[in-house]
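Enquirer: Here you go, model.cif (mmCIF, C-alpha atoms and all ligand atoms):
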```cif
data_work
#
loop_
_atom_site.label_atom_id
_atom_site.label_comp_id
_atom_site.auth_asym_id
_atom_site.auth_seq_id
_atom_site.Cartn_x
_atom_site.Cartn_y
_atom_site.Cartn_z
CA MET A 1402 39.06 22.93 26.09
CA GLY A 1403 41.64 21.96 28.71
CA ASP A 1404 45.28 21.21 28.20
CA PRO A 1405 45.62 19.83 24.65
CA VAL A 1406 48.96 18.15 25.34
CA GLY A 1407 47.58 16.46 28.43
CA ASP A 1408 44.35 15.51 26.67
CA ALA A 1409 46.08 13.98 23.68
CA GLN A 1410 49.00 12.37 25.38
CA SER A 1411 47.97 11.60 28.92
CA GLY A 1412 49.43 8.71 30.84
CA GLY A 1413 52.18 6.97 28.87
CA GLU A 1414 55.26 8.31 27.24
CA ARG A 1415 54.93 11.37 25.04
CA CYS A 1416 55.32 11.03 21.29
CA ARG A 1417 58.01 13.56 20.45
CA HIS A 1418 58.65 12.56 16.88
CA LEU A 1419 55.77 11.50 14.68
CA ALA A 1420 56.37 10.47 11.07
CA ILE A 1421 53.36 10.41 8.75
CA ILE A 1422 52.82 8.52 5.50
CA MET A 1423 50.26 10.89 4.01
CA ASP A 1424 48.23 8.53 1.84
CA GLY A 1425 44.81 8.53 0.20
CA ASN A 1426 44.71 11.73 -1.85
CA GLY A 1427 43.85 9.81 -5.00
CA ARG A 1428 41.05 7.84 -3.35
CA TRP A 1429 39.63 11.04 -1.82
CA ALA A 1430 39.42 12.57 -5.31
CA LYS A 1431 38.07 9.41 -6.92
CA ALA A 1432 35.24 9.19 -4.38
CA ARG A 1433 34.18 12.68 -5.52
CA ARG A 1434 34.75 12.00 -9.22
CA LEU A 1435 37.42 14.71 -9.18
CA PRO A 1436 40.86 14.60 -10.83
CA ARG A 1437 43.71 13.34 -8.61
CA ILE A 1438 45.17 16.87 -8.42
CA ALA A 1439 42.08 17.93 -6.46
CA GLY A 1440 42.95 15.31 -3.85
CA HIS A 1441 46.55 16.48 -3.71
CA ARG A 1442 45.35 20.09 -3.29
CA GLU A 1443 43.19 19.11 -0.35
CA GLY A 1444 46.14 17.13 0.96
CA VAL A 1445 48.10 20.37 1.20
CA GLU A 1446 45.30 21.82 3.34
CA ALA A 1447 45.63 18.81 5.64
CA VAL A 1448 49.38 19.50 5.90
CA ARG A 1449 48.60 23.07 6.97
CA ARG A 1450 46.16 21.87 9.64
CA VAL A 1451 48.49 19.22 11.02
CA VAL A 1452 51.54 21.50 11.13
CA GLU A 1453 49.47 24.07 13.01
CA ALA A 1454 48.18 21.52 15.54
CA ALA A 1455 51.44 19.61 16.09
CA PRO A 1456 53.25 21.83 18.62
CA GLY A 1457 50.17 22.14 20.83
CA LEU A 1458 49.89 18.37 20.91
CA GLY A 1459 53.39 17.94 22.26
CA LEU A 1460 55.32 17.05 19.10
CA ASP A 1461 58.91 18.27 18.72
CA VAL A 1462 59.54 16.70 15.31
CA LEU A 1463 57.03 16.05 12.55
CA THR A 1464 58.27 14.15 9.51
CA LEU A 1465 55.98 14.10 6.48
CA TYR A 1466 56.39 11.66 3.59
CA ALA A 1467 55.50 13.96 0.70
CA PHE A 1468 57.11 12.32 -2.35
CA SER A 1469 58.83 8.95 -2.49
CA SER A 1470 61.68 7.97 -4.78
CA GLU A 1471 59.17 5.51 -6.29
CA ASN A 1472 56.56 8.19 -6.98
CA TRP A 1473 58.45 9.09 -10.19
CA LYS A 1474 56.66 6.04 -11.64
CA ARG A 1475 53.43 8.08 -11.71
CA PRO A 1476 52.31 9.82 -14.93
CA PRO A 1477 54.40 12.94 -15.70
CA ASP A 1478 51.34 15.19 -15.32
CA GLU A 1479 50.73 14.02 -11.77
CA VAL A 1480 54.42 14.36 -10.86
CA ASN A 1481 54.34 17.91 -12.26
CA ASP A 1482 51.23 18.73 -10.25
CA LEU A 1483 52.87 17.43 -7.06
CA MET A 1484 56.02 19.48 -7.66
CA GLY A 1485 53.90 22.55 -8.35
CA LEU A 1486 51.96 22.05 -5.12
CA LEU A 1487 55.18 21.63 -3.16
CA LYS A 1488 56.43 24.92 -4.56
CA HIS A 1489 53.14 26.63 -3.81
CA TYR A 1490 53.06 25.26 -0.24
CA VAL A 1491 56.57 26.45 0.62
CA GLN A 1492 56.11 29.84 -1.09
CA SER A 1493 52.78 30.56 0.56
CA GLU A 1494 53.58 29.16 4.02
CA ILE A 1495 57.19 30.11 4.61
CA ASN A 1496 56.42 33.45 6.29
CA ALA A 1497 53.86 31.92 8.66
CA LEU A 1498 56.11 28.95 9.40
CA HIS A 1499 59.03 31.23 10.17
CA LYS A 1500 56.87 33.48 12.35
CA ASN A 1501 55.72 30.42 14.30
CA GLY A 1502 59.30 29.33 14.93
CA VAL A 1503 59.11 26.26 12.71
CA ARG A 1504 62.41 24.85 11.49
CA LEU A 1505 61.98 23.41 8.03
CA ASP A 1506 64.26 20.63 6.86
CA PHE A 1507 64.26 17.95 4.15
CA ILE A 1508 65.32 14.34 3.84
CA GLY A 1509 65.71 12.26 0.71
CA ASP A 1510 67.48 13.14 -2.50
CA TRP A 1511 65.70 16.51 -2.65
CA GLN A 1512 68.69 18.19 -4.26
CA ALA A 1513 67.85 16.18 -7.40
CA LEU A 1514 64.48 17.94 -7.79
CA ARG A 1515 63.92 20.77 -10.29
CA PRO A 1516 66.51 23.57 -9.86
CA ASP A 1517 63.82 26.17 -9.01
CA LEU A 1518 62.55 23.89 -6.24
CA VAL A 1519 66.00 23.09 -4.89
CA ASP A 1520 66.70 26.83 -4.71
CA LEU A 1521 63.42 27.53 -2.92
CA LEU A 1522 63.87 24.66 -0.47
CA GLN A 1523 67.46 25.61 0.26
CA ARG A 1524 66.42 29.20 1.02
CA ALA A 1525 63.54 28.06 3.27
CA ARG A 1526 65.89 25.76 5.13
CA THR A 1527 68.53 28.44 5.66
CA ARG A 1528 65.97 31.04 6.69
CA THR A 1529 64.41 28.85 9.38
CA ALA A 1530 67.60 27.11 10.54
CA GLY A 1531 67.81 29.10 13.76
CA ASN A 1532 64.19 28.55 14.81
CA ARG A 1533 63.44 26.78 18.07
CA GLY A 1534 59.90 25.52 17.54
CA LEU A 1535 58.57 22.49 15.70
CA LYS A 1536 61.05 20.71 13.47
CA LEU A 1537 59.16 20.03 10.27
CA VAL A 1538 60.99 17.49 8.15
CA MET A 1539 59.64 16.87 4.67
CA ALA A 1540 60.66 13.65 2.95
CA LEU A 1541 61.10 14.58 -0.72
CA ASN A 1542 62.31 12.14 -3.35
CA TYR A 1543 62.87 9.95 -0.30
CA GLY A 1544 63.32 6.20 -0.12
CA GLY A 1545 64.73 4.31 2.86
CA GLN A 1546 66.76 1.92 0.71
CA GLY A 1547 68.32 4.75 -1.30
CA GLU A 1548 69.14 6.60 1.92
CA LEU A 1549 70.89 3.50 3.31
CA VAL A 1550 72.80 3.04 0.05
CA ARG A 1551 74.02 6.65 0.22
CA ALA A 1552 75.06 6.15 3.86
CA ALA A 1553 76.94 2.96 2.90
CA GLN A 1554 78.73 4.89 0.14
CA ALA A 1555 79.71 7.62 2.59
CA LEU A 1556 81.11 4.99 4.99
CA ALA A 1557 83.01 3.30 2.16
CA ARG A 1558 84.49 6.65 1.10
CA ALA A 1559 85.62 7.32 4.68
CA VAL A 1560 87.26 3.88 4.89
CA ALA A 1561 88.94 4.32 1.50
CA ALA A 1562 90.27 7.69 2.62
CA GLY A 1563 91.72 6.09 5.75
CA GLU A 1564 89.44 8.09 8.05
CA LEU A 1565 87.62 5.03 9.37
CA THR A 1566 88.41 1.34 9.90
CA PRO A 1567 85.79 -1.28 8.94
CA GLU A 1568 85.51 -2.18 12.63
CA ALA A 1569 84.57 1.43 13.41
CA ILE A 1570 81.42 1.05 11.31
CA THR A 1571 78.89 0.93 14.11
CA ALA A 1572 75.15 1.62 14.19
CA GLU A 1573 76.04 5.13 15.36
CA ALA A 1574 78.51 5.65 12.51
CA LEU A 1575 75.85 4.62 10.01
CA GLU A 1576 73.14 6.74 11.66
CA ALA A 1577 75.41 9.76 11.46
CA ARG A 1578 75.39 9.38 7.68
CA LEU A 1579 71.65 9.01 7.24
CA ASP A 1580 69.61 12.02 6.08
CA THR A 1581 68.01 12.05 9.53
CA ALA A 1582 71.31 12.53 11.40
CA GLY A 1583 70.69 14.78 14.38
CA TYR A 1584 67.00 13.86 14.73
CA PRO A 1585 65.69 11.31 17.22
CA PRO A 1586 64.11 8.23 15.67
CA PRO A 1587 60.31 8.48 15.22
CA ASP A 1588 58.32 7.30 18.23
CA ALA A 1589 55.45 6.50 15.92
CA VAL A 1590 54.80 6.08 12.21
CA LEU A 1591 51.24 6.93 11.21
CA ARG A 1592 49.74 5.93 7.87
CA THR A 1593 46.41 7.25 6.66
CA SER A 1594 43.93 5.56 4.31
CA GLY A 1595 44.24 2.09 5.83
CA GLU A 1596 47.19 0.75 3.86
CA LEU A 1597 49.34 -1.67 5.90
CA ARG A 1598 52.81 -1.11 4.47
CA LEU A 1599 55.88 1.06 4.98
CA SER A 1600 56.44 1.90 1.30
CA ASN A 1601 60.18 2.40 1.79
CA PHE A 1602 59.77 4.98 4.59
CA LEU A 1603 62.37 5.34 7.36
CA LEU A 1604 63.39 1.68 7.18
CA TRP A 1605 66.26 2.04 9.64
CA GLN A 1606 64.81 4.74 11.87
CA ALA A 1607 61.43 3.08 12.43
CA ALA A 1608 62.96 -0.07 13.94
CA TYR A 1609 61.09 0.48 17.22
CA ALA A 1610 58.46 3.00 16.18
CA GLU A 1611 54.85 2.28 17.10
CA TYR A 1612 52.86 1.74 13.94
CA ILE A 1613 49.49 3.50 13.80
CA VAL A 1614 47.05 3.17 10.92
CA THR A 1615 43.89 5.16 10.38
CA ASP A 1616 41.27 4.66 7.68
CA THR A 1617 40.90 8.44 7.32
CA LEU A 1618 42.05 9.60 3.88
CA TRP A 1619 44.80 12.20 4.12
CA PRO A 1620 42.73 15.15 2.76
CA ASP A 1621 40.24 14.55 5.60
CA PHE A 1622 42.95 14.53 8.27
CA ASP A 1623 43.02 17.35 10.84
CA GLY A 1624 44.11 18.32 14.34
CA ALA A 1625 41.42 16.18 15.96
CA ALA A 1626 42.53 13.12 13.99
CA LEU A 1627 46.12 13.87 14.98
CA ALA A 1628 45.13 14.10 18.65
CA GLN A 1629 43.32 10.76 18.31
CA ALA A 1630 46.41 9.09 16.82
CA LEU A 1631 48.59 10.46 19.63
CA ALA A 1632 46.08 9.21 22.20
CA GLU A 1633 46.43 5.76 20.66
CA PHE A 1634 50.22 6.07 20.93
CA SER A 1635 49.93 6.92 24.63
CA ARG A 1636 48.05 3.65 25.21
CA ARG A 1637 50.82 1.54 23.68
CA GLU A 1638 53.41 -0.17 25.82
CA ARG A 1639 56.87 0.15 24.34
CA ARG A 1640 59.40 -2.53 25.22
CA PHE A 1641 62.40 -2.23 22.90
CA GLY A 1642 63.02 -5.95 23.34
CA GLY A 1643 63.02 -5.75 27.13
CA ARG A 1644 60.25 -6.92 29.40
C1 LIG B 1 49.36 10.30 -1.29
O1 LIG B 1 48.18 10.02 -1.92
C2 LIG B 1 50.16 11.37 -1.99
C3 LIG B 1 51.42 10.90 -2.56
C4 LIG B 1 51.84 9.67 -2.58
C5 LIG B 1 52.26 11.91 -3.17
P1 LIG B 1 48.09 9.04 -3.16
O2 LIG B 1 48.23 9.82 -4.41
O3 LIG B 1 49.04 7.91 -2.99
O4 LIG B 1 46.59 8.53 -2.99
P2 LIG B 1 46.03 7.08 -3.27
O5 LIG B 1 46.87 6.09 -2.52
O6 LIG B 1 46.08 6.86 -4.75
O7 LIG B 1 44.63 7.13 -2.74
C1 LIG B 2 53.79 6.42 -0.01
O1 LIG B 2 52.54 6.38 -0.60
C2 LIG B 2 54.51 7.68 -0.42
C3 LIG B 2 53.98 8.92 0.09
C4 LIG B 2 52.98 9.04 0.91
C5 LIG B 2 54.67 10.11 -0.34
P1 LIG B 2 52.27 5.62 -1.97
O2 LIG B 2 50.83 5.77 -2.26
O3 LIG B 2 53.22 6.07 -3.01
O4 LIG B 2 52.63 4.13 -1.58
P2 LIG B 2 52.22 2.76 -2.29
O5 LIG B 2 52.62 2.87 -3.73
O6 LIG B 2 50.73 2.62 -2.15
O7 LIG B 2 52.95 1.69 -1.53
MG MG B 3 48.89 6.07 -2.19
#
```
Now that the file is in, can you turn its structure into structure tokens?

Expert:
Amino acid sequence: MGDPVGDAQSGGERCRHLAIIMDGNGRWAKARRLPRIAGHREGVEAVRRVVEAAPGLGLDVLTLYAFSSENWKRPPDEVNDLMGLLKHYVQSEINALHKNGVRLDFIGDWQALRPDLVDLLQRARTRTAGNRGLKLVMALNYGGQGELVRAAQALARAVAAGELTPEAITAEALEARLDTAGYPPPDAVLRTSGELRLSNFLLWQAAYAEYIVTDTLWPDFDGAALAQALAEFSRRERRFGGR
């Protein structure tokens, strides 16, 4: 099969941090006349496949948009199903993730989720904190605008406490207060199911990310589709405003 890293990311710069907007679960279910939960269930299988394939394809950080701060607008039953699946995923995968050296982390206002979930997520995070393999960052109750508002509040508190002057508010000072502090910005943002919008995802961090869209619905996504997306990334020319 050859060298998977070389095959997927030959030539150009390597994508180290990929952020995925996992979209299309509902449409996958609808096409099969199944309830939306069936699509979300298959979506969890796609998460398993992608997390397994990611390190072999050269990724250091994989950020997954699992639940947005706007997804609370969905019917309570669907929100409940999503929370249940999140719990099931972490409970059933944590041993395998830990064994594979995955470091699990979360961004977004995840501490505002159900107490049983917060407890589970906190324990998973602590347990895998020392791991050296793939950094798997799940965006839970995440919204880019809310994250920036919280960072602005943290900066304002530091100024009010006399720890910071307004002039010391730099891009770096703000970045240090984002949920993603300590992670490199995503090299690419991938959205499945053909939708051409960011939906409040990593608004600051994706400033220079390559945007990749695939028509594949998330439940159909797998390692081969991931390799294809990374191959597309390797064909892009990044400029960062230079020439
Ligand atoms: C993505 O699939 C899952 C979440 C947003 C949690 P959707 O549920 O948005 O699927 P579509 O967009 O309706 O097909
Ligand atoms: C974005 O997908 C959020 C996640 C994938 C978790 P949505 O399906 O919620 O986005 P919109 O509503 O179509 O913009
Ligand atoms: Mg959607």

Enquirer: Go through the chains and note each residue within 10 Å of ligand MG 3 (chain B), using only C-alpha atoms and all ligand atoms, then give the set as a ChimeraX atom specification.

Expert: /A:1422-1428,1472,1593-1594,1596,1600,1618-1619

Enquirer: So which residues touch stretch 1499-1502 of chain A within 12 Å, counting all atoms listed in the file, skipping near sequence neighbours fewer than 4 positions away, as a list in words?

Expert: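 Here the answer would be Val1452, Glu1453, Ala1454, Ala1455, Pro1456, Gly1457, Asp1461, Val1491, Gln1492, Ser1493, Glu1494, Ile1495, Arg1524, Ala1525, Arg1526, Thr1527, Arg1528, Thr1529, Ala1530, Gly1531, Asn1532, Arg1533, Gly1534, Leu1535, Lys1536 and Leu1537 of chain A.
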
Enquirer: Considering all atoms listed in the file, can you say which of A:Arg1558, A:Arg1450, A:Arg1636, A:Arg1442 comes closest to ligand LIG 1 (chain B)?

Expert: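 Smallest distance to ligand LIG 1 (chain B) is found for A:Arg1442.
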
Enquirer: If the limit is 12 Å from any atom of ligand LIG 2 (chain B), counting all atoms listed in the file, which residues qualify? Return them as an MDAnalysis selection string.

Expert: chainID A and resid 1420:1428 1441 1444 1464:1475 1480 1483:1484 1487 1509 1539:1545 1590:1603 1618:1619

Enquirer: Hey, can you check how far atom CA of A:Arg1504 sits from atom CA of A:Val1538?

Expert: 8.2 Å

Enquirer: Quick check, in Å to one decimal: how far apart do atom CA of A:Leu1549 and atom C5 of ligand LIG 1 (chain B) lie?

Expert: 21.4 Å
